[in-house]
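Note sheet for the following structure.
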Amino acid sequence: MSNMNDAQLKILAAAALLAVWGALVAFGQAEADAYVNFIQSALVGLGVFHAALTIPPKE
């Protein structure tokens with residue numbers, strides 16, 4: 001993991017939290033509505049993150 005940069009570590013941590021929360025929802029220990037809202041927010045955040053990294057620099 002020493003080759004991972006800060007952004008990759010943050011994405012990995014978020015994915016781990018999402019997986020744990022998903023397991024809690026699957027076993028009925030958490031509400032599915034909040035989980036779906038979180039997934040929507042996470043996808044928007046990833047879209048913004050991707051757009052920020054792929055915008056070509058102005059010359």
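Chain labels A, B, ... are given in the sequence in which chains occur in the structure tokens; within each chain residues are numbered consecutively from 1, and ligands are likewise numbered from 1 in the order shown.
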Inset, instruction - Looking only at alpha helix (DSSP H) from DSSP on the backbone, list the matching residues of chain A as a PyMOL selection string. - result: chain A and resi 6-26+32-54
Inset, instruction - Determine, counting only C-alpha atoms, which protein, DNA and RNA residues have an atom within 9 Å of an atom of region 40-48 of chain A; residues of the same chain fewer than 4 positions away are not included. Present the result as a list in words. - result: Ile11, Ala14, Tyr35, Val36, Ala52 and Leu53 of chain A
With all heavy atoms kept, could you save the residues just selected as a tab-separated table (two decimals), in the first residue's frame?
chain	number	residue	atom	x	y	z
A	11	ILE	N	-10.28	7.05	-1.10
A	11	ILE	CA	-11.29	6.28	-1.83
A	11	ILE	C	-11.38	4.87	-1.27
A	11	ILE	O	-12.48	4.33	-1.11
A	11	ILE	CB	-10.99	6.29	-3.34
A	11	ILE	CG1	-11.23	7.68	-3.90
A	11	ILE	CG2	-11.84	5.25	-4.07
A	11	ILE	CD1	-10.81	7.85	-5.35
A	14	ALA	N	-13.27	5.05	2.03
A	14	ALA	CA	-14.70	5.27	1.78
A	14	ALA	C	-15.36	3.99	1.27
A	14	ALA	O	-16.48	3.66	1.68
A	14	ALA	CB	-14.89	6.40	0.77
A	35	TYR	N	-28.83	4.57	3.58
A	35	TYR	CA	-27.76	3.96	2.78
A	35	TYR	C	-27.87	4.38	1.32
A	35	TYR	O	-26.87	4.73	0.69
A	35	TYR	CB	-27.85	2.44	2.92
A	35	TYR	CG	-26.74	1.67	2.23
A	35	TYR	CD1	-25.43	1.78	2.65
A	35	TYR	CD2	-27.02	0.82	1.17
A	35	TYR	CE1	-24.42	1.07	2.05
A	35	TYR	CE2	-26.01	0.10	0.55
A	35	TYR	CZ	-24.72	0.22	1.00
A	35	TYR	OH	-23.72	-0.49	0.39
A	36	VAL	N	-29.08	4.37	0.78
A	36	VAL	CA	-29.29	4.78	-0.61
A	36	VAL	C	-28.93	6.26	-0.78
A	36	VAL	O	-28.28	6.63	-1.77
A	36	VAL	CB	-30.74	4.52	-1.05
A	36	VAL	CG1	-31.05	5.15	-2.39
A	36	VAL	CG2	-31.02	3.02	-1.09
A	52	ALA	N	-12.77	17.15	-11.49
A	52	ALA	CA	-11.69	18.04	-11.05
A	52	ALA	C	-10.32	17.53	-11.51
A	52	ALA	O	-9.43	18.33	-11.79
A	52	ALA	CB	-11.71	18.17	-9.53
A	53	LEU	N	-10.18	16.22	-11.60
A	53	LEU	CA	-8.89	15.66	-12.01
A	53	LEU	C	-8.73	15.61	-13.52
A	53	LEU	O	-7.61	15.51	-14.01
A	53	LEU	CB	-8.72	14.25	-11.44
A	53	LEU	CG	-8.53	14.15	-9.94
A	53	LEU	CD1	-8.38	12.69	-9.53
A	53	LEU	CD2	-7.33	14.94	-9.48
Inset, instruction - Please measure the separation of CA of Asn37 (chain A) and CA of Ala13 (chain A), giving the value in Å to one decimal. - result: 18.4 Å
Legend entry - Using only C-alpha atoms: which of A:His50, A:Asp33, A:Ile39, A:Asn3 has the shortest distance to Ala15 (chain A): A:Ile39
